[in-house]
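K.L.:
First the structure, which I've put down as structure tokens, then a few questions once you've had a look.
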Amino acid sequence: MEWLNTHLLTALTFLPLAWAVAGMAIPGRFSKHWTLAGSLLLFAVSLKLYYGFDPHGAEFQFAESVEWIPGLGVNYLIGMDGISLWLILLTTFLMPIVVLSSYNGVEDREKEYYTLLMALQTGMIGAFVSLDSFLFYVFWEAMLIPMYFLIGIWGGKDRIYATMKFFIFTMVGSLLMLVAIFFLAYQHKMQFGSFSTALVELYKVRLDGSGFLSTQSLLFLAFALAFAIKVPLFPLHTWLPDAHVQAPTAGSVILAGVLLKMGGYGFIRFAFPLFPQAVVLYQPTFLVLGSVAIVYGAWVAMVQPDMKKLVAYSSVSHMGYVIIGLFSLNAIGSTGAVYQMLNHGISTPALFLMVGMLYERRHTKEIKEYGGITKVMPLFAVAFMIATLSSVALPGTNGFIGEFLILLGAWKANPGLTVLAATGVIFGAVYMLWMIQRVMFGPLTNEANKKLKDLSLREIVVLAPLMVAIFWMGVAPNFFFRKMETSITRLVDRTAKAGAVAVALKGER
Amino acid sequence: MLKWIPLLPLIGFTINGFWYALIQCRPGAKKAGATIPGLIATLAIFGAFLISVKTFLELKGMPAEGRFVEQHLFNWIHVGDLDLKMALRVDSLSTLFTLVITGVGTLIHLYSIGYMSHDATPGKFFAYLNLFCFAMLMLVMGSSLPILFLGWEGVGLCSYLLIGYWYEDLEKAKAGKKAFIANRVGDLGFLLGMFMIYTHFGTLEFTKITELLARGDFIAAISPAAITATCLLLFVGCTGKSAQIPLYVWLPDAMAGPTPVSALIHAATMVTSGIYLVSRLNGLFSLSHTAMMTMAVIGGLTAFFAATIAIAQNDIKKVLAYSTVSQLGYMFLACGVGAYTAGVFHVITHAFFKALMFLGAGSVIHGMHEEQDILKMGGLRLKMPVTFVTFLVGWVAICGLPPFSGFFSKDEILWNAFASPHGSKLLWVVGAVTAAMTAFYMTRMFYLTFMGKPRFDESKMGGAHDSHAAHGHDDHAGHGHADHGHAPQGVHESPATMTIPLVVLAILSIVGGFIGIPHMSWLEEWLEPVIPAHDPATFTAGHTTEYLLMGVSTLIAILSIAYAWKTYTNLKEASARKARHAKLHETLEHKWYVDEAYESAVIQPIYEMSVKLWKNVDVAVIDRVVLGFGRVSEWTGQAARTAQTGSIQVYAVMILIGLALSLGYLVRGF
């Protein structure tokens, strides 16, 4: 027990994998129960982080450090702040839901499936707790492998194309990031006499950030490419719709719920503090890309014939908000961005789960196959409506808090672009309500839909936590802000200080 | 205590909502009637009404300058320098709105118990209705703009849900969506206006904004352009919610909802939110002459334009809907000429007589077995005496004959349009012509519905109820009269739960005007702390003119009524006249083809562009670039196929090797 208290993050990271390995010994038909129990246990353990985290304490808490590759200055260095806290909790919160949602849908190779899910959790938590850039890279890549197999084995009929696209996009981005990490470690040696990949060490490295093609800017772009692909930011988003459409429900849920957040998190943890001057230089670029993503994603979502693709493009739009929130470089926008990542991690999984539930019943995701579903699945319709309200950011739901803060923050940074971005509130309503109209409303004409069963008890249990979260986060956001406030202030201040330097430099020239 | 005003309806919503969602709508559940859910909902809103009255009396006992009650509930959003509290605040302006919302709301809830008695899902209906009241009360009681916005979007949601309440009819579902999206366009303006205020005032709380507005030095430091922009952005929000040009198009379609909804949401309360917002921030709007003028002109135009359409509508609810748009235009005309009090006054009287007329129309539709076409009515005065008499009151009130409520408020507006420093003679002319048209189309509707001879075959009535989906009107799902008790079919008066609210509203429509009689006005004095009274010296005309104009507008109304009455007594002549002006009539009947114009100028182009973006940018350009013009992807696909042995053991071995290597590093170091 004592070991657990001092190594909480290590436990949370590797326990899923250990649990899965232990689960190998169990007959396949029990593996879902075993995994559910494990993921619930992990969620319970992760709650200790919430209670243990002191928002006014050290920057990184629950820190652990073990020497790993001394020659390169690489250490097993982990810890968390008020931002990663919530992303970890989001991950552990979603896992039991994902597992329970797979109970009926996954029938072949159950043991492998659940093992991969747990391995994925190790990768995700690992990435969120890494405070060493090389360690982060290892987890970042490790995450891809289980995801690759989840889509490639349990996916739809074009799964190979989708996995390859997913793989190529993400690999291209991350390889450049690896190069940049080594370059930074080398710079550290030049400036301080030893290799290091530890974040706090790299923060100290001074890099020329005076122009759009200066060292700092190039390094920033290398990192930003990896993160922007993951977010995904327009125009690097085209892997996402394919991956989602082909992925099994659980894959989509984790992809949308957690993996996309890796991109935003990467900006927060690495790109911003490491290259503050470059961030300031490229602020307008990213504000434009984010605003375009919001509108473009919404427009393209509107014309999708496939529900999953529609939700996937809605993610492009919603994650655009995250980008403009972060690049507004002020506390309001950044808090909104972090909150939006959590929101999107609640509402989009809810939508994917429900599309999955329809798919399990009818084996199609085509919108035109449905219509009038409310008649036969009234409770399902209620849940779908609630998730939609969160997605369209209705006040009272979590979505509103995020969008409101992001747009307000962005308004302070750049009112003109915010007007463009804010049109997203109209188009966001258009594509969601149009889908609802075509799927849920109208007469029940399709014979195949007349016998559909409403939510089962298991499905209610799957969706209920998400529904509660939607309203809880919408009504009492301060509960969440309290723990993240200081970390965000630190993030913003660090960039602002460097920004002042950049502006001063510009003035001199 | 204050918090219970919105909380009671919220509790009612929660009870009915959970009861419906988790029990009633489960397969095989026993069907619940309308009575119990209806009573729960009605009691909830009635409780809120009682507390509203108590609050009002409390306020009444307070001196003018400190006339408000506040309650802080909890801290909502605290980020950086943004500190939003969830707090309620009732002052002399909002107390009037809470009284109308809960008072008229109670009557409409009561009415709905009868009206929805044969609906398939009354639990859902009453849950939505209570949720609406909650949101509407938050809108008027919120102490800051974001809370107002919470209510603002909340009522929009309920409106959406209730318009599309009979979702199986795709047209109704579409009407709901249209309402939500038109409102969202407005909300964008609201949102940006809010950001402007935050940028320039550093706060979003009403009390603080008002304090700053009173400081001349503070205001002088803000550029006039910024103030005008702020006001116009907020006004865009109002054009959405309060159905003004160019966003009014959703309101007539909103009549797809059940009639009590039209009465409560689309006549008495929600659509007046814009007037509430403008009055709440009257200090800000008054700073910008441009914004005021825009508001007055848009209001006047909307009033006129909607009235022209109302003349040619045959659906009883459509006539009322366009009339509502038109009356809302009057209210903005009032605000635009600086007569916020007159605007608020008209909100109140309009709430009484228009809710009355909608409920009366509902009673007619109910009694006529879902018939809404006034050309197929006639002579109903004998069949439905209570509905007839109460409707008569509403008709006289909206036509603006003294001493009914509509007369006082409308006249106040016209007078201000004429003589206030922001007004102009032209605005008065627009208002007066609109008044004449209002009297005309209302008389037309009244006459065709209640007077003359019946133009329907009673023996054929009622049979169509079982196939309710067949006709696209206000058909209650499952609203069959087969099990209705009074088995002989035919036109009938509505039950007491429906007629009692009619009678109460009729009384209010008669006496409601006396709170605001010009120059003896209790209302003006009451609102003084929120809306500073006009200085009479700034008016461009004196009392003699005022009484003269009053006489003129009364005369206009009487002449117009007489003309319409005469026209529709002789129906043959009326239709011959219609035929002579067929082109104009058709244009009016098709509402000036505005919906069609929006469809082809806005909706279609965006849709087509989106398809192009998807196919030409996403698929054709980005994918090709990233995947190396397709060749690389093909090649990798091939490669993947060879690597993809499909054997999970191979993958497992690969993972294990990877893990072993990593562990090796971990143990050995470099």
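Chain labels run A, B, ... following the order of the structure tokens; each chain numbers its residues from 1, and ligands are numbered from 1 in the order shown.
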Please return, as a VMD selection string, all residues of chain B lying within 6 Å of chain A when only C-alpha atoms are considered.
P.N.:
chain B and resid 21 77 79 to 80 150 167 to 170 184 to 185 610 614 666 669 to 670
K.L.:
When you look at range 558-571 of chain B with a cut-off of 6 Å (counting only C-alpha atoms), what residues show up, excluding the ones that are within fewer than 3 positions of it in the same chain? I need them as a PDB file with C-alpha atoms, in the first residue's frame.
P.N.:
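Output file part06.pdb is given in full below:
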ATOM      1  CA  ALA B 436     -55.462  50.076 -39.559  1.00  0.00           C
ATOM      2  CA  ALA B 439     -57.937  46.099 -37.205  1.00  0.00           C
ATOM      3  CA  PHE B 440     -58.751  44.872 -40.703  1.00  0.00           C
ATOM      4  CA  THR B 443     -61.885  41.658 -37.943  1.00  0.00           C
ATOM      5  CA  ARG B 444     -61.601  39.436 -40.985  1.00  0.00           C
ATOM      6  CA  LEU B 555     -61.123  56.581 -35.616  1.00  0.00           C
ATOM      7  CA  ALA B 574     -65.018  39.576 -50.954  1.00  0.00           C
TER       8      ALA B 574
END
K.L.:
CA of Ile229 in chain A and CA of Val292 in chain A are how many Å apart?
P.N.:
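Interatomic distance, CA of Ile229 in chain A to CA of Val292 in chain A: 15.2 Å.
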K.L.:
Name all residues at most 10 Å from range 445-454 of chain B (count only C-alpha atoms; drop same-chain ones fewer than 2 positions away) and give them as a PyMOL selection string.
P.N.:
chain B and resi 310-311+313-316+319-320+361+364+372-385+387-389+391-392+394-395+440-443+456-458+564-571
K.L.:
Choose the residue, out of A:Asp306, A:Leu131, A:Thr249, A:Met118, that has the smallest atom-to-atom separation from Trp154 in chain A; count only C-alpha atoms.
P.N.:
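Comparing A:Asp306, A:Leu131, A:Thr249, A:Met118 against Trp154 in chain A, the winner is A:Thr249.
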K.L.:
As a count of residues only, please: the residues near range 293-298 of chain B (cut-off 8 Å, only C-alpha atoms, same-chain neighbours under 3 positions excluded).
P.N.:
16
K.L.:
Could you list, as a PDB file with N, CA and C atoms, in the first residue's frame, every residue within 12 Å of Leu40 in chain A, counting only C-alpha atoms and ignoring same-chain residues fewer than 6 positions away?
P.N.:
ATOM      1  N   LEU A  12      -0.719   3.557 -12.052  1.00  0.00           N
ATOM      2  CA  LEU A  12      -1.807   3.826 -13.005  1.00  0.00           C
ATOM      3  C   LEU A  12      -1.380   3.559 -14.436  1.00  0.00           C
ATOM      4  N   PRO A  16      -2.644  -1.327 -15.922  1.00  0.00           N
ATOM      5  CA  PRO A  16      -3.509  -1.870 -16.972  1.00  0.00           C
ATOM      6  C   PRO A  16      -2.828  -2.990 -17.738  1.00  0.00           C
ATOM      7  N   TRP A  19      -2.486  -6.004 -15.576  1.00  0.00           N
ATOM      8  CA  TRP A  19      -3.813  -6.619 -15.422  1.00  0.00           C
ATOM      9  C   TRP A  19      -4.148  -7.453 -16.663  1.00  0.00           C
ATOM     10  N   HIS A  33     -15.297  -9.366 -18.296  1.00  0.00           N
ATOM     11  CA  HIS A  33     -15.568  -9.063 -16.882  1.00  0.00           C
ATOM     12  C   HIS A  33     -14.280  -8.678 -16.166  1.00  0.00           C
ATOM     13  N   TRP A  34     -13.259  -9.433 -16.460  1.00  0.00           N
ATOM     14  CA  TRP A  34     -11.946  -9.179 -15.855  1.00  0.00           C
ATOM     15  C   TRP A  34     -11.469  -7.757 -16.190  1.00  0.00           C
ATOM     16  N   SER A  46      -7.410   6.176  -9.549  1.00  0.00           N
ATOM     17  CA  SER A  46      -7.074   7.488 -10.116  1.00  0.00           C
ATOM     18  C   SER A  46      -7.747   8.624  -9.342  1.00  0.00           C
ATOM     19  N   LEU A  47      -8.847   8.317  -8.670  1.00  0.00           N
ATOM     20  CA  LEU A  47      -9.506   9.371  -7.885  1.00  0.00           C
ATOM     21  C   LEU A  47      -8.596   9.892  -6.780  1.00  0.00           C
ATOM     22  N   LEU A  89      -7.835  11.588 -15.487  1.00  0.00           N
ATOM     23  CA  LEU A  89      -9.147  11.182 -14.960  1.00  0.00           C
ATOM     24  C   LEU A  89     -10.129  10.915 -16.094  1.00  0.00           C
ATOM     25  N   THR A  91      -9.379   9.741 -18.965  1.00  0.00           N
ATOM     26  CA  THR A  91      -9.024   8.432 -19.519  1.00  0.00           C
ATOM     27  C   THR A  91      -9.552   7.303 -18.643  1.00  0.00           C
ATOM     28  N   THR A  92      -9.280   7.400 -17.343  1.00  0.00           N
ATOM     29  CA  THR A  92      -9.707   6.302 -16.468  1.00  0.00           C
ATOM     30  C   THR A  92     -11.230   6.256 -16.353  1.00  0.00           C
ATOM     31  N   PHE A  93     -11.880   7.405 -16.530  1.00  0.00           N
ATOM     32  CA  PHE A  93     -13.339   7.470 -16.470  1.00  0.00           C
ATOM     33  C   PHE A  93     -13.952   6.810 -17.698  1.00  0.00           C
ATOM     34  N   LEU A  94     -13.314   7.043 -18.855  1.00  0.00           N
ATOM     35  CA  LEU A  94     -13.886   6.506 -20.095  1.00  0.00           C
ATOM     36  C   LEU A  94     -13.672   5.000 -20.231  1.00  0.00           C
ATOM     37  N   MET A  95     -12.563   4.490 -19.668  1.00  0.00           N
ATOM     38  CA  MET A  95     -12.223   3.084 -19.919  1.00  0.00           C
ATOM     39  C   MET A  95     -13.322   2.102 -19.508  1.00  0.00           C
ATOM     40  N   PRO A  96     -13.860   2.177 -18.270  1.00  0.00           N
ATOM     41  CA  PRO A  96     -14.921   1.215 -17.924  1.00  0.00           C
ATOM     42  C   PRO A  96     -16.118   1.330 -18.861  1.00  0.00           C
ATOM     43  N   ILE A  97     -16.399   2.566 -19.292  1.00  0.00           N
ATOM     44  CA  ILE A  97     -17.528   2.774 -20.201  1.00  0.00           C
ATOM     45  C   ILE A  97     -17.278   2.072 -21.524  1.00  0.00           C
ATOM     46  N   VAL A  98     -16.049   2.242 -22.007  1.00  0.00           N
ATOM     47  CA  VAL A  98     -15.686   1.611 -23.275  1.00  0.00           C
ATOM     48  C   VAL A  98     -15.788   0.097 -23.164  1.00  0.00           C
ATOM     49  N   VAL A  99     -15.264  -0.435 -22.066  1.00  0.00           N
ATOM     50  CA  VAL A  99     -15.268  -1.888 -21.896  1.00  0.00           C
ATOM     51  C   VAL A  99     -16.707  -2.400 -21.850  1.00  0.00           C
ATOM     52  N   LEU A 100     -17.528  -1.748 -21.042  1.00  0.00           N
ATOM     53  CA  LEU A 100     -18.912  -2.203 -20.902  1.00  0.00           C
ATOM     54  C   LEU A 100     -19.669  -2.072 -22.227  1.00  0.00           C
ATOM     55  N   MET A 118      -6.435  -2.537 -22.758  1.00  0.00           N
ATOM     56  CA  MET A 118      -5.674  -2.216 -21.548  1.00  0.00           C
ATOM     57  C   MET A 118      -4.289  -1.688 -21.914  1.00  0.00           C
TER      58      MET A 118
END
K.L.:
Just to confirm, what's the straight-line distance from CA of Ala87 in chain B to CA of Leu277 in chain B in Å (one decimal)?
P.N.:
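These two atoms are separated by 17.2 Å.
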K.L.:
Which residues are close to range 155-158 of chain B, i.e. within 6 Å by only C-alpha atoms, leaving aside same-chain residues fewer than 6 positions away? Reply as a list in words.
P.N.:
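Near neighbours after the sequence-gap exclusion: Phe132, Ala135 and Met136 of chain B.
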K.L.:
Which is closer to Leu463 in chain A than all the others in A:Ile346, A:Leu176, A:Gly402, A:Glu107, using only C-alpha atoms?
P.N.:
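Among A:Ile346, A:Leu176, A:Gly402, A:Glu107, it is A:Ile346 that comes nearest to Leu463 in chain A.
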K.L.:
Pick out the residues sitting within 9 Å of Leu88 in chain B, and hand them over as a ChimeraX atom specification; count only C-alpha atoms, and ignore anything fewer than 3 positions along from it in its own chain.
P.N.:
/B:2-3,69-73,138,140-144,147
K.L.:
What does the file look like for those residues with N, CA and C atoms, as an mmCIF file, in the first residue's frame?
P.N.:
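selection21.cif was written with the following content:
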data_model
loop_
_atom_site.group_PDB
_atom_site.id
_atom_site.type_symbol
_atom_site.label_atom_id
_atom_site.label_comp_id
_atom_site.auth_asym_id
_atom_site.auth_seq_id
_atom_site.Cartn_x
_atom_site.Cartn_y
_atom_site.Cartn_z
ATOM 1 N N LEU B 2 -36.177 33.805 -3.351
ATOM 2 C CA LEU B 2 -36.187 34.138 -4.768
ATOM 3 C C LEU B 2 -35.907 32.927 -5.647
ATOM 4 N N LYS B 3 -34.974 32.121 -5.193
ATOM 5 C CA LYS B 3 -34.530 31.010 -6.034
ATOM 6 C C LYS B 3 -35.655 30.023 -6.331
ATOM 7 N N VAL B 69 -34.480 42.843 -5.041
ATOM 8 C CA VAL B 69 -34.084 41.745 -4.161
ATOM 9 C C VAL B 69 -33.092 40.889 -4.920
ATOM 10 N N GLU B 70 -32.094 40.425 -4.197
ATOM 11 C CA GLU B 70 -31.053 39.638 -4.837
ATOM 12 C C GLU B 70 -30.861 38.339 -4.090
ATOM 13 N N GLN B 71 -30.423 37.336 -4.796
ATOM 14 C CA GLN B 71 -30.000 36.130 -4.109
ATOM 15 C C GLN B 71 -28.826 35.522 -4.851
ATOM 16 N N HIS B 72 -27.750 35.337 -4.120
ATOM 17 C CA HIS B 72 -26.564 34.718 -4.701
ATOM 18 C C HIS B 72 -26.661 33.217 -4.486
ATOM 19 N N LEU B 73 -26.533 32.453 -5.571
ATOM 20 C CA LEU B 73 -26.682 31.004 -5.427
ATOM 21 C C LEU B 73 -25.326 30.313 -5.298
ATOM 22 N N MET B 138 -35.173 32.300 -15.632
ATOM 23 C CA MET B 138 -33.741 32.592 -15.504
ATOM 24 C C MET B 138 -33.379 33.776 -16.397
ATOM 25 N N VAL B 140 -35.149 36.368 -17.220
ATOM 26 C CA VAL B 140 -35.510 37.687 -16.691
ATOM 27 C C VAL B 140 -34.962 37.928 -15.292
ATOM 28 N N MET B 141 -34.569 36.851 -14.597
ATOM 29 C CA MET B 141 -34.097 37.047 -13.220
ATOM 30 C C MET B 141 -32.583 37.045 -13.107
ATOM 31 N N GLY B 142 -31.886 36.620 -14.155
ATOM 32 C CA GLY B 142 -30.433 36.538 -14.079
ATOM 33 C C GLY B 142 -29.808 37.897 -13.800
ATOM 34 N N SER B 143 -28.763 37.871 -12.988
ATOM 35 C CA SER B 143 -28.156 39.141 -12.610
ATOM 36 C C SER B 143 -27.070 39.564 -13.581
ATOM 37 N N SER B 144 -26.779 38.720 -14.559
ATOM 38 C CA SER B 144 -25.726 39.089 -15.498
ATOM 39 C C SER B 144 -26.087 38.597 -16.887
ATOM 40 N N ILE B 147 -26.104 34.739 -17.573
ATOM 41 C CA ILE B 147 -27.261 34.009 -17.035
ATOM 42 C C ILE B 147 -28.480 34.291 -17.905
#
K.L.:
Hey, can you check how far CA of Val492 in chain A sits from CA of Leu199 in chain A?
P.N.:
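Distance reported for this atom pair: 16.9 Å.
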K.L.:
Counting only C-alpha atoms, figure out which residue out of A:Leu135, A:Ile268, A:Met171, A:Val288 gets nearest to Lys230 in chain A.
P.N.:
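Among A:Leu135, A:Ile268, A:Met171, A:Val288, it is A:Met171 that comes nearest to Lys230 in chain A.
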